[in-house]
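Dropping my_file-v6.pdb in here (PDB, C-alpha atoms and all ligand atoms):
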```
ATOM      1  CA  MET K   1      -3.569-118.849-300.915
ATOM      2  CA  ASP K   2      -1.899-117.406-304.018
ATOM      3  CA  LYS K   3      -0.725-119.622-306.863
ATOM      4  CA  SER K   4       2.834-118.290-306.885
ATOM      5  CA  PRO K   5       5.688-120.763-307.398
ATOM      6  CA  GLU K   6       6.494-120.195-303.672
ATOM      7  CA  HIS K   7       3.179-121.943-302.816
ATOM      8  CA  ASP K   8       3.067-124.565-305.577
ATOM      9  CA  LEU K   9       2.322-127.710-303.555
ATOM     10  CA  ASP K  10       3.465-130.168-306.229
ATOM     11  CA  GLN K  11       6.741-128.294-306.597
ATOM     12  CA  ILE K  12       7.249-128.169-302.810
ATOM     13  CA  LEU K  13       6.536-131.919-302.569
ATOM     14  CA  SER K  14       8.943-132.667-305.393
ATOM     15  CA  VAL K  15      11.774-130.612-303.832
ATOM     16  CA  GLY K  16      11.008-132.224-300.456
ATOM     17  CA  ILE K  17      11.233-135.729-301.907
ATOM     18  CA  ASP K  18      14.568-134.901-303.581
ATOM     19  CA  ALA K  19      15.894-133.492-300.282
ATOM     20  CA  VAL K  20      14.756-136.589-298.348
ATOM     21  CA  LEU K  21      16.390-138.917-300.877
ATOM     22  CA  LEU K  22      19.673-136.971-300.788
ATOM     23  CA  ALA K  23      19.702-137.507-297.021
ATOM     24  CA  VAL K  24      18.831-141.204-297.383
ATOM     25  CA  ASN K  25      21.822-141.569-299.705
ATOM     26  CA  ILE K  26      24.254-140.412-297.042
ATOM     27  CA  ILE K  27      22.543-142.160-294.115
ATOM     28  CA  MET K  28      22.274-145.647-295.626
ATOM     29  CA  PRO K  29      25.986-146.164-296.442
ATOM     30  CA  ALA K  30      26.877-144.923-292.931
ATOM     31  CA  MET K  31      24.703-147.562-291.260
ATOM     32  CA  ASP K  32      27.466-150.170-291.170
ATOM     33  CA  GLN K  33      30.295-147.819-290.266
ATOM     34  CA  SER K  34      31.309-146.988-286.747
ATOM     35  CA  ILE K  35      29.519-143.747-285.928
ATOM     36  CA  GLN K  36      31.020-140.988-283.841
ATOM     37  CA  GLU K  37      28.254-140.094-281.355
ATOM     38  CA  GLU K  38      27.805-137.170-279.040
ATOM     39  CA  TYR K  39      24.988-136.721-276.547
ATOM     40  CA  LYS K  40      22.527-133.816-276.361
ATOM     41  CA  GLY K  41      21.263-135.243-273.042
ATOM     42  CA  LYS K  42      22.099-138.288-270.906
ATOM     43  CA  THR K  43      20.917-140.771-273.568
ATOM     44  CA  ASN K  44      19.991-138.529-276.496
ATOM     45  CA  PRO K  45      22.549-139.201-279.237
ATOM     46  CA  VAL K  46      23.452-137.095-282.260
ATOM     47  CA  THR K  47      25.951-138.092-284.930
ATOM     48  CA  LYS K  48      27.866-136.373-287.716
ATOM     49  CA  ILE K  49      25.404-138.080-290.061
ATOM     50  CA  ASP K  50      22.405-136.286-288.430
ATOM     51  CA  ARG K  51      24.166-132.959-289.006
ATOM     52  CA  ASP K  52      25.404-133.738-292.533
ATOM     53  CA  ALA K  53      21.954-134.987-293.569
ATOM     54  CA  GLU K  54      20.333-131.843-292.172
ATOM     55  CA  ALA K  55      22.796-129.531-293.965
ATOM     56  CA  LEU K  56      22.167-131.329-297.252
ATOM     57  CA  ILE K  57      18.386-131.122-296.864
ATOM     58  CA  ILE K  58      18.502-127.415-296.021
ATOM     59  CA  SER K  59      20.794-126.560-298.937
ATOM     60  CA  GLU K  60      18.484-128.407-301.358
ATOM     61  CA  ILE K  61      15.434-126.528-300.031
ATOM     62  CA  LYS K  62      17.240-123.159-300.086
ATOM     63  CA  ARG K  63      18.413-123.778-303.669
ATOM     64  CA  HIS K  64      14.761-123.849-304.784
ATOM     65  CA  PHE K  65      13.026-121.747-302.113
ATOM     66  CA  PRO K  66      15.533-119.300-300.583
ATOM     67  CA  HIS K  67      12.757-117.310-298.877
ATOM     68  CA  HIS K  68      10.960-120.214-297.174
ATOM     69  CA  SER K  69      11.395-120.654-293.418
ATOM     70  CA  ILE K  70      13.081-123.669-291.876
ATOM     71  CA  LEU K  71      12.834-125.303-288.448
ATOM     72  CA  ALA K  72      15.295-128.178-288.174
ATOM     73  CA  GLU K  73      16.179-130.379-285.216
ATOM     74  CA  GLU K  74      19.951-129.807-285.146
ATOM     75  CA  SER K  75      20.168-126.167-286.298
ATOM     76  CA  GLY K  76      16.895-124.691-285.035
ATOM     77  CA  LYS K  77      14.796-121.995-286.719
ATOM     78  CA  ASP K  78      16.252-119.782-289.425
ATOM     79  CA  THR K  79      15.572-116.045-289.606
ATOM     80  CA  ASN K  80      13.202-116.073-292.623
ATOM     81  CA  ASP K  81       9.589-115.179-291.903
ATOM     82  CA  SER K  82       7.859-116.844-294.849
ATOM     83  CA  ASP K  83       4.400-118.375-294.340
ATOM     84  CA  VAL K  84       5.892-121.637-295.663
ATOM     85  CA  LEU K  85       7.724-123.483-292.893
ATOM     86  CA  TRP K  86       9.756-126.639-293.518
ATOM     87  CA  VAL K  87      10.042-128.782-290.363
ATOM     88  CA  ILE K  88      12.928-131.216-290.624
ATOM     89  CA  ASP K  89      14.076-134.278-288.707
ATOM     90  CA  PRO K  90      17.167-135.296-290.687
ATOM     91  CA  LEU K  91      17.402-138.639-288.890
ATOM     92  CA  ASP K  92      14.508-139.822-286.750
ATOM     93  CA  GLY K  93      15.472-142.820-284.638
ATOM     94  CA  THR K  94      19.139-141.941-284.173
ATOM     95  CA  THR K  95      19.493-144.444-281.312
ATOM     96  CA  ASN K  96      18.318-147.225-283.639
ATOM     97  CA  PHE K  97      20.639-146.019-286.401
ATOM     98  CA  VAL K  98      23.646-145.993-284.064
ATOM     99  CA  HIS K  99      22.896-149.563-282.953
ATOM    100  CA  GLY K 100      22.045-150.827-286.439
ATOM    101  CA  TYR K 101      18.476-151.551-285.302
ATOM    102  CA  PRO K 102      16.364-151.430-288.463
ATOM    103  CA  ALA K 103      13.890-148.594-287.793
ATOM    104  CA  PHE K 104      14.799-145.002-288.606
ATOM    105  CA  SER K 105      13.826-142.348-291.140
ATOM    106  CA  VAL K 106      14.167-138.907-292.658
ATOM    107  CA  SER K 107      11.070-136.814-291.988
ATOM    108  CA  ILE K 108      10.069-133.488-293.555
ATOM    109  CA  GLY K 109       6.775-131.719-292.955
ATOM    110  CA  VAL K 110       5.713-128.443-294.538
ATOM    111  CA  LEU K 111       3.331-126.023-292.824
ATOM    112  CA  ILE K 112       1.664-123.319-294.895
ATOM    113  CA  GLN K 113       0.153-120.442-292.930
ATOM    114  CA  GLY K 114       0.550-122.665-289.870
ATOM    115  CA  ILE K 115      -1.385-125.591-291.356
ATOM    116  CA  PRO K 116       0.424-128.930-291.750
ATOM    117  CA  THR K 117       0.085-129.368-295.524
ATOM    118  CA  ILE K 118       2.754-131.715-296.882
ATOM    119  CA  GLY K 119       4.410-134.760-295.320
ATOM    120  CA  ILE K 120       7.337-136.840-296.549
ATOM    121  CA  VAL K 121       8.859-139.702-294.572
ATOM    122  CA  ALA K 122      11.455-142.130-295.895
ATOM    123  CA  GLU K 123      11.503-145.210-293.671
ATOM    124  CA  MET K 124      14.871-146.999-293.588
ATOM    125  CA  PRO K 125      16.740-149.291-293.933
ATOM    126  CA  ASN K 126      13.995-151.188-295.768
ATOM    127  CA  ILE K 127      13.197-148.051-297.755
ATOM    128  CA  LYS K 128       9.563-147.033-298.015
ATOM    129  CA  LEU K 129       8.670-143.507-299.099
ATOM    130  CA  TYR K 130       5.471-142.131-297.542
ATOM    131  CA  THR K 131       4.031-138.889-298.942
ATOM    132  CA  ALA K 132       0.909-136.757-298.601
ATOM    133  CA  ILE K 133      -0.490-133.392-299.588
ATOM    134  CA  LYS K 134      -3.428-132.160-297.502
ATOM    135  CA  GLY K 135      -6.707-133.044-299.255
ATOM    136  CA  GLN K 136      -5.053-135.358-301.795
ATOM    137  CA  GLY K 137      -4.650-138.677-299.945
ATOM    138  CA  ALA K 138      -1.653-140.505-298.513
ATOM    139  CA  PHE K 139       0.726-142.767-300.405
ATOM    140  CA  MET K 140       3.438-145.325-299.762
ATOM    141  CA  GLU K 141       5.779-145.772-302.713
ATOM    142  CA  GLY K 142       3.144-144.022-304.843
ATOM    143  CA  LYS K 143       0.282-146.355-303.847
ATOM    144  CA  PRO K 144      -2.672-145.094-301.769
ATOM    145  CA  ILE K 145      -2.673-146.122-298.111
ATOM    146  CA  SER K 146      -5.304-146.030-295.412
ATOM    147  CA  VAL K 147      -5.639-146.727-291.717
ATOM    148  CA  SER K 148      -6.842-150.109-290.425
ATOM    149  CA  ARG K 149     -10.492-151.014-289.868
ATOM    150  CA  THR K 150     -10.001-152.562-286.432
ATOM    151  CA  LYS K 151     -13.026-151.679-284.327
ATOM    152  CA  ARG K 152     -12.177-153.009-280.868
ATOM    153  CA  LEU K 153      -9.120-152.469-278.681
ATOM    154  CA  ILE K 154      -9.043-156.186-277.893
ATOM    155  CA  ASP K 155      -8.292-156.837-281.597
ATOM    156  CA  SER K 156      -5.729-154.060-281.952
ATOM    157  CA  LEU K 157      -1.943-153.696-282.116
ATOM    158  CA  LEU K 158      -0.589-150.377-280.823
ATOM    159  CA  VAL K 159       2.756-148.603-280.749
ATOM    160  CA  THR K 160       4.186-145.962-278.443
ATOM    161  CA  GLY K 161       7.462-144.203-277.770
ATOM    162  CA  PHE K 162       9.306-142.849-274.743
ATOM    163  CA  GLY K 163      11.230-139.584-274.807
ATOM    164  CA  TYR K 164      14.742-139.228-273.419
ATOM    165  CA  GLU K 165      13.590-137.525-270.193
ATOM    166  CA  HIS K 166      12.297-139.759-267.409
ATOM    167  CA  GLY K 167      10.035-137.322-265.585
ATOM    168  CA  GLU K 168       6.312-137.241-264.844
ATOM    169  CA  SER K 169       5.137-138.019-268.369
ATOM    170  CA  TRP K 170       7.493-140.989-268.592
ATOM    171  CA  HIS K 171       5.806-142.430-265.488
ATOM    172  CA  LYS K 172       2.380-141.756-266.985
ATOM    173  CA  ASN K 173       3.427-143.531-270.166
ATOM    174  CA  MET K 174       4.627-146.549-268.184
ATOM    175  CA  ALA K 175       1.115-146.745-266.686
ATOM    176  CA  LEU K 176      -0.459-146.492-270.155
ATOM    177  CA  PHE K 177       1.940-149.066-271.568
ATOM    178  CA  LYS K 178       0.752-151.475-268.887
ATOM    179  CA  SER K 179      -2.989-150.827-269.381
ATOM    180  CA  PHE K 180      -2.867-150.966-273.163
ATOM    181  CA  THR K 181      -0.738-154.110-273.104
ATOM    182  CA  ASP K 182      -3.428-155.704-270.950
ATOM    183  CA  LYS K 183      -6.360-154.641-273.177
ATOM    184  CA  THR K 184      -4.926-155.159-276.698
ATOM    185  CA  GLN K 185      -3.004-157.756-278.695
ATOM    186  CA  GLY K 186       0.196-155.864-277.876
ATOM    187  CA  VAL K 187       2.054-152.575-277.697
ATOM    188  CA  ARG K 188       5.247-152.120-279.731
ATOM    189  CA  ARG K 189       8.038-149.643-278.982
ATOM    190  CA  LEU K 190      10.005-149.125-282.180
ATOM    191  CA  GLY K 191      12.037-145.962-281.513
ATOM    192  CA  ALA K 192      11.268-143.707-284.493
ATOM    193  CA  ALA K 193       8.134-141.611-284.072
ATOM    194  CA  SER K 194       7.693-140.738-287.753
ATOM    195  CA  VAL K 195       7.918-144.435-288.671
ATOM    196  CA  ASP K 196       5.368-145.292-285.957
ATOM    197  CA  ILE K 197       2.972-142.720-287.408
ATOM    198  CA  CYS K 198       3.451-144.004-290.970
ATOM    199  CA  HIS K 199       2.827-147.560-289.751
ATOM    200  CA  LEU K 200      -0.457-146.287-288.300
ATOM    201  CA  ALA K 201      -1.266-144.530-291.592
ATOM    202  CA  SER K 202      -0.668-147.708-293.560
ATOM    203  CA  GLY K 203      -2.742-149.914-291.249
ATOM    204  CA  LYS K 204       0.104-151.910-289.658
ATOM    205  CA  VAL K 205      -0.823-150.654-286.208
ATOM    206  CA  ASP K 206      -4.178-149.314-285.055
ATOM    207  CA  GLY K 207      -3.152-146.684-282.510
ATOM    208  CA  TYR K 208      -0.116-144.680-281.360
ATOM    209  CA  TRP K 209       0.580-142.275-278.528
ATOM    210  CA  GLU K 210       3.593-140.478-277.158
ATOM    211  CA  TYR K 211       4.258-137.813-274.503
ATOM    212  CA  ASP K 212       7.537-136.156-275.370
ATOM    213  CA  LEU K 213       7.584-135.226-279.040
ATOM    214  CA  SER K 214       9.110-132.264-280.850
ATOM    215  CA  PRO K 215       7.585-130.607-283.938
ATOM    216  CA  TRP K 216      10.019-132.375-286.304
ATOM    217  CA  ASP K 217       8.972-135.807-284.996
ATOM    218  CA  SER K 218       5.341-135.362-286.053
ATOM    219  CA  ALA K 219       5.049-132.577-288.688
ATOM    220  CA  ALA K 220       5.278-134.928-291.677
ATOM    221  CA  GLY K 221       3.581-137.930-290.107
ATOM    222  CA  ILE K 222       0.406-136.141-289.090
ATOM    223  CA  VAL K 223      -0.331-135.029-292.667
ATOM    224  CA  ILE K 224       0.234-138.583-293.896
ATOM    225  CA  ALA K 225      -1.883-140.078-291.091
ATOM    226  CA  GLU K 226      -4.726-137.582-291.484
ATOM    227  CA  GLU K 227      -4.854-138.158-295.220
ATOM    228  CA  ALA K 228      -4.946-141.905-294.551
ATOM    229  CA  GLY K 229      -8.050-141.422-292.381
ATOM    230  CA  ALA K 230      -6.558-141.215-288.886
ATOM    231  CA  SER K 231      -7.959-139.282-285.924
ATOM    232  CA  ILE K 232      -5.398-137.092-284.159
ATOM    233  CA  THR K 233      -5.724-135.395-280.756
ATOM    234  CA  ARG K 234      -3.603-134.845-277.701
ATOM    235  CA  ILE K 235      -3.556-137.694-275.164
ATOM    236  CA  ASP K 236      -5.948-135.639-273.035
ATOM    237  CA  GLY K 237      -8.371-135.457-275.982
ATOM    238  CA  LYS K 238      -7.773-131.768-276.772
ATOM    239  CA  PRO K 239      -6.933-130.635-280.342
ATOM    240  CA  TYR K 240      -3.312-131.382-281.312
ATOM    241  CA  SER K 241      -0.748-128.945-282.730
ATOM    242  CA  ILE K 242       2.822-129.913-283.700
ATOM    243  CA  TYR K 243       4.017-127.638-280.886
ATOM    244  CA  ASP K 244       2.302-129.904-278.325
ATOM    245  CA  LYS K 245       4.524-132.576-276.856
ATOM    246  CA  GLN K 246       1.787-135.194-276.416
ATOM    247  CA  ILE K 247      -0.108-136.925-279.208
ATOM    248  CA  LEU K 248      -2.694-139.674-279.687
ATOM    249  CA  ILE K 249      -3.375-141.040-283.167
ATOM    250  CA  SER K 250      -5.755-143.852-284.022
ATOM    251  CA  ASN K 251      -7.561-145.350-286.965
ATOM    252  CA  GLY K 252     -10.563-143.270-285.824
ATOM    253  CA  LYS K 253     -12.678-146.240-284.775
ATOM    254  CA  LEU K 254     -10.583-146.817-281.628
ATOM    255  CA  HIS K 255     -10.159-143.207-280.582
ATOM    256  CA  ASN K 256     -12.890-143.027-277.946
ATOM    257  CA  GLU K 257     -12.009-146.406-276.498
ATOM    258  CA  MET K 258      -8.363-145.317-276.237
ATOM    259  CA  LEU K 259      -9.292-141.990-274.595
ATOM    260  CA  ASN K 260     -11.537-143.814-272.107
ATOM    261  CA  LEU K 261      -8.830-146.281-271.124
ATOM    262  CA  ILE K 262      -6.331-143.408-270.783
ATOM    263  CA  SER K 263      -8.579-141.523-268.357
ATOM    264  CA  GLU K 264      -9.245-144.702-266.339
ATOM    265  CA  SER K 265      -5.497-145.484-266.162
ATOM    266  CA  LEU K 266      -4.053-142.132-265.111
TER
HETATM  267  C1  LIG C 301      13.161-139.718-281.198
HETATM  268  C2  LIG C 301      12.419-140.892-281.788
HETATM  269  C3  LIG C 301      11.764-141.723-280.707
HETATM  270  C4  LIG C 301      10.847-140.903-279.860
HETATM  271  C5  LIG C 301      11.562-139.701-279.268
HETATM  272  C6  LIG C 301      12.197-138.885-280.388
HETATM  273  P1  LIG C 301      15.329-138.815-282.545
HETATM  274  O1  LIG C 301      13.711-138.905-282.205
HETATM  275  O2  LIG C 301      11.423-140.453-282.700
HETATM  276  O3  LIG C 301      10.966-142.752-281.276
HETATM  277  O4  LIG C 301      10.366-141.731-278.820
HETATM  278  O5  LIG C 301      10.610-138.925-278.568
HETATM  279  O6  LIG C 301      12.890-137.797-279.824
HETATM  280  O7  LIG C 301      15.978-138.179-281.358
HETATM  281  O8  LIG C 301      15.802-140.177-282.811
HETATM  282  O9  LIG C 301      15.311-137.921-283.752
HETATM  283 CA    CA C 302      13.050-137.409-283.949
HETATM  284 CA    CA C 303      16.525-136.677-285.101
END
```
What is this file in structure tokens?
Ligand code: IPD
Ligand code: CA
Ligand code: CA
Amino acid sequence: MDKSPEHDLDQILSVGIDAVLLAVNIIMPAMDQSIQEEYKGKTNPVTKIDRDAEALIISEIKRHFPHHSILAEESGKDTNDSDVLWVIDPLDGTTNFVHGYPAFSVSIGVLIQGIPTIGIVAEMPNIKLYTAIKGQGAFMEGKPISVSRTKRLIDSLLVTGFGYEHGESWHKNMALFKSFTDKTQGVRRLGAASVDICHLASGKVDGYWEYDLSPWDSAAGIVIAEEAGASITRIDGKPYSIYDKQILISNGKLHNEMLNLISESL
């Protein structure tokens, strides 16, 4: 890759952090106000804050990198065809945010030539900034983080999420929720995928899976998790790409045991 300013990883990370923090600064004050919600599906909410945060993030990125490409949850893909792609979830965990439940985030991942390379997640409302550049480690508030060392499922705490659609994969996940709850110390369901992944990266949970993700839910988290030592595949064990809907992430040590229990349970 060339060393042009367009591909300067430190500069991209720095602009990404500024964009995330601008969004945090409009999301946090809105937490206690009554939020006007609309629905993209039966139970899939979007608020003015999601859209305002996204517009702010995009304008900050465009100010520095007008030629970079952008894929954002509320406005879709722009028309640029740069090999640098910013993948933006302006507010991950909107349902939590609307209810004042304390687990939501801003999540920005950057792919370079298709490879997830930079991840930035600001967990809210108890703000924790998670960052990573591929090959350079993962950090929370500037301090290195790593996945847990738990070796056995029976000693583990897991987390999962359920998408808004209640089709076949929702039923499969209900089955997995039951099996993993039986074989571990517990399975949490927090409601913000990027936060779940950062909790895995920082050793708070030992494994995470989900069936119905979009690229913006995972693009930042997977760089942070990988740099923290996580193993990442699809739930069926195949290699994962952010364009897959299903994902399985573990601390590495539990990956085979999780895959085995998944194939026994489905
Ligand atoms: C959702 C959250 C949730 C996950 C869903 C996502 P949104 O994102 O990350 O935890 O289970 O699959 O769609 O809609 O709040 O940005
Ligand atoms: Ca999301
Ligand atoms: Ca969102």
Might you pull out every residue within 12 Å of Ala138 of chain K, with all atoms listed in the file counted and same-chain residues fewer than 4 positions away left off, and present them as an MDAnalysis selection string? chainID K and resid 117:121 129:134 142:147 198 200:203 220:230
How big is the axis-aligned box around the listed atoms of segment 144-149 of chain K once 8 Å is added on each side, and where is its centre? Give both in Å to one decimal, as lines of an AutoDock Vina configuration file.
```
center_x = -6.6
center_y = -148.1
center_z = -295.8
size_x = 23.8
size_y = 21.9
size_z = 27.9
```
Can you tell me which residues surround Ser107 of chain K at a distance of at most 12 Å, considering all atoms listed in the file, apart from same-chain residues fewer than 4 positions away, and format the answer as a ChimeraX atom specification? /K:16-17,19-21,23-24,50,53-54,57,72-73,86-93,118-124,128-131,192-198,215-224
Create the file for the chosen residues now, containing C-alpha atoms and written as a compact mmCIF listing (two decimals), in the frame of the given file.
```
# COMPACT_ATOMS: atom_id res chain seq x y z
CA GLY K 16 11.01 -132.22 -300.46
CA ILE K 17 11.23 -135.73 -301.91
CA ALA K 19 15.89 -133.49 -300.28
CA VAL K 20 14.76 -136.59 -298.35
CA LEU K 21 16.39 -138.92 -300.88
CA ALA K 23 19.70 -137.51 -297.02
CA VAL K 24 18.83 -141.20 -297.38
CA ASP K 50 22.40 -136.29 -288.43
CA ALA K 53 21.95 -134.99 -293.57
CA GLU K 54 20.33 -131.84 -292.17
CA ILE K 57 18.39 -131.12 -296.86
CA ALA K 72 15.30 -128.18 -288.17
CA GLU K 73 16.18 -130.38 -285.22
CA TRP K 86 9.76 -126.64 -293.52
CA VAL K 87 10.04 -128.78 -290.36
CA ILE K 88 12.93 -131.22 -290.62
CA ASP K 89 14.08 -134.28 -288.71
CA PRO K 90 17.17 -135.30 -290.69
CA LEU K 91 17.40 -138.64 -288.89
CA ASP K 92 14.51 -139.82 -286.75
CA GLY K 93 15.47 -142.82 -284.64
CA ILE K 118 2.75 -131.72 -296.88
CA GLY K 119 4.41 -134.76 -295.32
CA ILE K 120 7.34 -136.84 -296.55
CA VAL K 121 8.86 -139.70 -294.57
CA ALA K 122 11.46 -142.13 -295.90
CA GLU K 123 11.50 -145.21 -293.67
CA MET K 124 14.87 -147.00 -293.59
CA LYS K 128 9.56 -147.03 -298.02
CA LEU K 129 8.67 -143.51 -299.10
CA TYR K 130 5.47 -142.13 -297.54
CA THR K 131 4.03 -138.89 -298.94
CA ALA K 192 11.27 -143.71 -284.49
CA ALA K 193 8.13 -141.61 -284.07
CA SER K 194 7.69 -140.74 -287.75
CA VAL K 195 7.92 -144.44 -288.67
CA ASP K 196 5.37 -145.29 -285.96
CA ILE K 197 2.97 -142.72 -287.41
CA CYS K 198 3.45 -144.00 -290.97
CA PRO K 215 7.58 -130.61 -283.94
CA TRP K 216 10.02 -132.38 -286.30
CA ASP K 217 8.97 -135.81 -285.00
CA SER K 218 5.34 -135.36 -286.05
CA ALA K 219 5.05 -132.58 -288.69
CA ALA K 220 5.28 -134.93 -291.68
CA GLY K 221 3.58 -137.93 -290.11
CA ILE K 222 0.41 -136.14 -289.09
CA VAL K 223 -0.33 -135.03 -292.67
CA ILE K 224 0.23 -138.58 -293.90
```
What would the selection look like, as an MDAnalysis selection string, if the PyMOL selection byres (((chain K and resi 31) around 10) and not hetatm) were run on the coordinates I just shared? chainID K and resid 26:30 32:35 49 96:102 125
Output C-alpha atoms for every residue in the selection just made, as an mmCIF file, in the frame of the given file.
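Result written to result_10.cif:
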```cif
data_model
loop_
_atom_site.group_PDB
_atom_site.id
_atom_site.type_symbol
_atom_site.label_atom_id
_atom_site.label_comp_id
_atom_site.auth_asym_id
_atom_site.auth_seq_id
_atom_site.Cartn_x
_atom_site.Cartn_y
_atom_site.Cartn_z
ATOM 1 C CA ILE K 26 24.254 -140.412 -297.042
ATOM 2 C CA ILE K 27 22.543 -142.160 -294.115
ATOM 3 C CA MET K 28 22.274 -145.647 -295.626
ATOM 4 C CA PRO K 29 25.986 -146.164 -296.442
ATOM 5 C CA ALA K 30 26.877 -144.923 -292.931
ATOM 6 C CA ASP K 32 27.466 -150.170 -291.170
ATOM 7 C CA GLN K 33 30.295 -147.819 -290.266
ATOM 8 C CA SER K 34 31.309 -146.988 -286.747
ATOM 9 C CA ILE K 35 29.519 -143.747 -285.928
ATOM 10 C CA ILE K 49 25.404 -138.080 -290.061
ATOM 11 C CA ASN K 96 18.318 -147.225 -283.639
ATOM 12 C CA PHE K 97 20.639 -146.019 -286.401
ATOM 13 C CA VAL K 98 23.646 -145.993 -284.064
ATOM 14 C CA HIS K 99 22.896 -149.563 -282.953
ATOM 15 C CA GLY K 100 22.045 -150.827 -286.439
ATOM 16 C CA TYR K 101 18.476 -151.551 -285.302
ATOM 17 C CA PRO K 102 16.364 -151.430 -288.463
ATOM 18 C CA PRO K 125 16.740 -149.291 -293.933
#
```
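For the set K:Phe177, K:Leu13, K:Thr160, K:Arg188, the residue with the smallest atom-to-atom gap to Val110 of chain K is K:Leu13, counting all atoms listed in the file.
What separates atom CA of Pro239 of chain K from atom CA of Asp212 of chain K is a distance of 16.3 Å.
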How far is it from atom CA of Leu22 of chain K to atom CA of Ile61 of chain K, in Å with one decimal? 11.3 Å
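Nearest to Asn251 of chain K of all the residues K:Arg149, K:Val106, K:Ser156, K:Ser59 is K:Arg149, based on only C-alpha atoms.
Each of K:Pro66, K:Gly186, K:Gly191, K:Gly114 was compared to ligand CA 303 (chain C) using only C-alpha atoms and all ligand atoms, and K:Gly191 turns out to be the nearest.
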Residue by residue, what does the PyMOL selection byres (((chain K and resi 174) around 12) and not hetatm) grab here? Present the result as a PDB file with C-alpha atoms, in the frame of the given file.
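That gives us expr_3.pdb:
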```pdb
ATOM      1  CA  THR K 160       4.186-145.962-278.443  1.00  0.00           C
ATOM      2  CA  GLY K 161       7.462-144.203-277.770  1.00  0.00           C
ATOM      3  CA  PHE K 162       9.306-142.849-274.743  1.00  0.00           C
ATOM      4  CA  GLY K 163      11.230-139.584-274.807  1.00  0.00           C
ATOM      5  CA  HIS K 166      12.297-139.759-267.409  1.00  0.00           C
ATOM      6  CA  GLY K 167      10.035-137.322-265.585  1.00  0.00           C
ATOM      7  CA  GLU K 168       6.312-137.241-264.844  1.00  0.00           C
ATOM      8  CA  SER K 169       5.137-138.019-268.369  1.00  0.00           C
ATOM      9  CA  TRP K 170       7.493-140.989-268.592  1.00  0.00           C
ATOM     10  CA  HIS K 171       5.806-142.430-265.488  1.00  0.00           C
ATOM     11  CA  LYS K 172       2.380-141.756-266.985  1.00  0.00           C
ATOM     12  CA  ASN K 173       3.427-143.531-270.166  1.00  0.00           C
ATOM     13  CA  ALA K 175       1.115-146.745-266.686  1.00  0.00           C
ATOM     14  CA  LEU K 176      -0.459-146.492-270.155  1.00  0.00           C
ATOM     15  CA  PHE K 177       1.940-149.066-271.568  1.00  0.00           C
ATOM     16  CA  LYS K 178       0.752-151.475-268.887  1.00  0.00           C
ATOM     17  CA  SER K 179      -2.989-150.827-269.381  1.00  0.00           C
ATOM     18  CA  PHE K 180      -2.867-150.966-273.163  1.00  0.00           C
ATOM     19  CA  THR K 181      -0.738-154.110-273.104  1.00  0.00           C
ATOM     20  CA  VAL K 187       2.054-152.575-277.697  1.00  0.00           C
ATOM     21  CA  ARG K 189       8.038-149.643-278.982  1.00  0.00           C
ATOM     22  CA  TRP K 209       0.580-142.275-278.528  1.00  0.00           C
ATOM     23  CA  GLU K 210       3.593-140.478-277.158  1.00  0.00           C
ATOM     24  CA  TYR K 211       4.258-137.813-274.503  1.00  0.00           C
ATOM     25  CA  ILE K 262      -6.331-143.408-270.783  1.00  0.00           C
ATOM     26  CA  SER K 265      -5.497-145.484-266.162  1.00  0.00           C
ATOM     27  CA  LEU K 266      -4.053-142.132-265.111  1.00  0.00           C
TER      28      LEU K 266
END
```
What lies within 6 Å of Leu157 of chain K using all atoms listed in the file, ignoring chain neighbours under 2 positions off, as a ChimeraX atom specification? /K:185-186,205-206
Residue nearest ligand LIG 301 (chain C) - candidates K:Thr79, K:Thr47, K:Asn260, K:Asn25, atoms counted: all atoms listed in the file: K:Thr47
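Counting all atoms listed in the file, the residue from K:Ala103, K:Pro116, K:Tyr240, K:Ile247 that sits nearest to His199 of chain K is K:Ala103.
Excluding Ile70 of chain K itself and any same-chain residue fewer than 3 positions from it, the protein and nucleic acid residues within 6 Å of it, counting all atoms listed in the file, are K:Lys77, K:Asp78, K:Leu85, K:Trp86.
Computed from the coordinates, the atom CA of Thr233 of chain K to atom CA of Ile249 of chain K distance equals 6.6 Å.
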Apply the PyMOL selection byres (((chain K and resi 42) around 12) and not hetatm) to the file shown and report the selected residues as a ChimeraX atom specification. /K:38-41,43-46,163-166
Would you mind telling me which residue in K:Thr184, K:Ser263, K:Ser231, K:Gln36 lies nearest to Leu248 of chain K when using only C-alpha atoms? K:Ser231
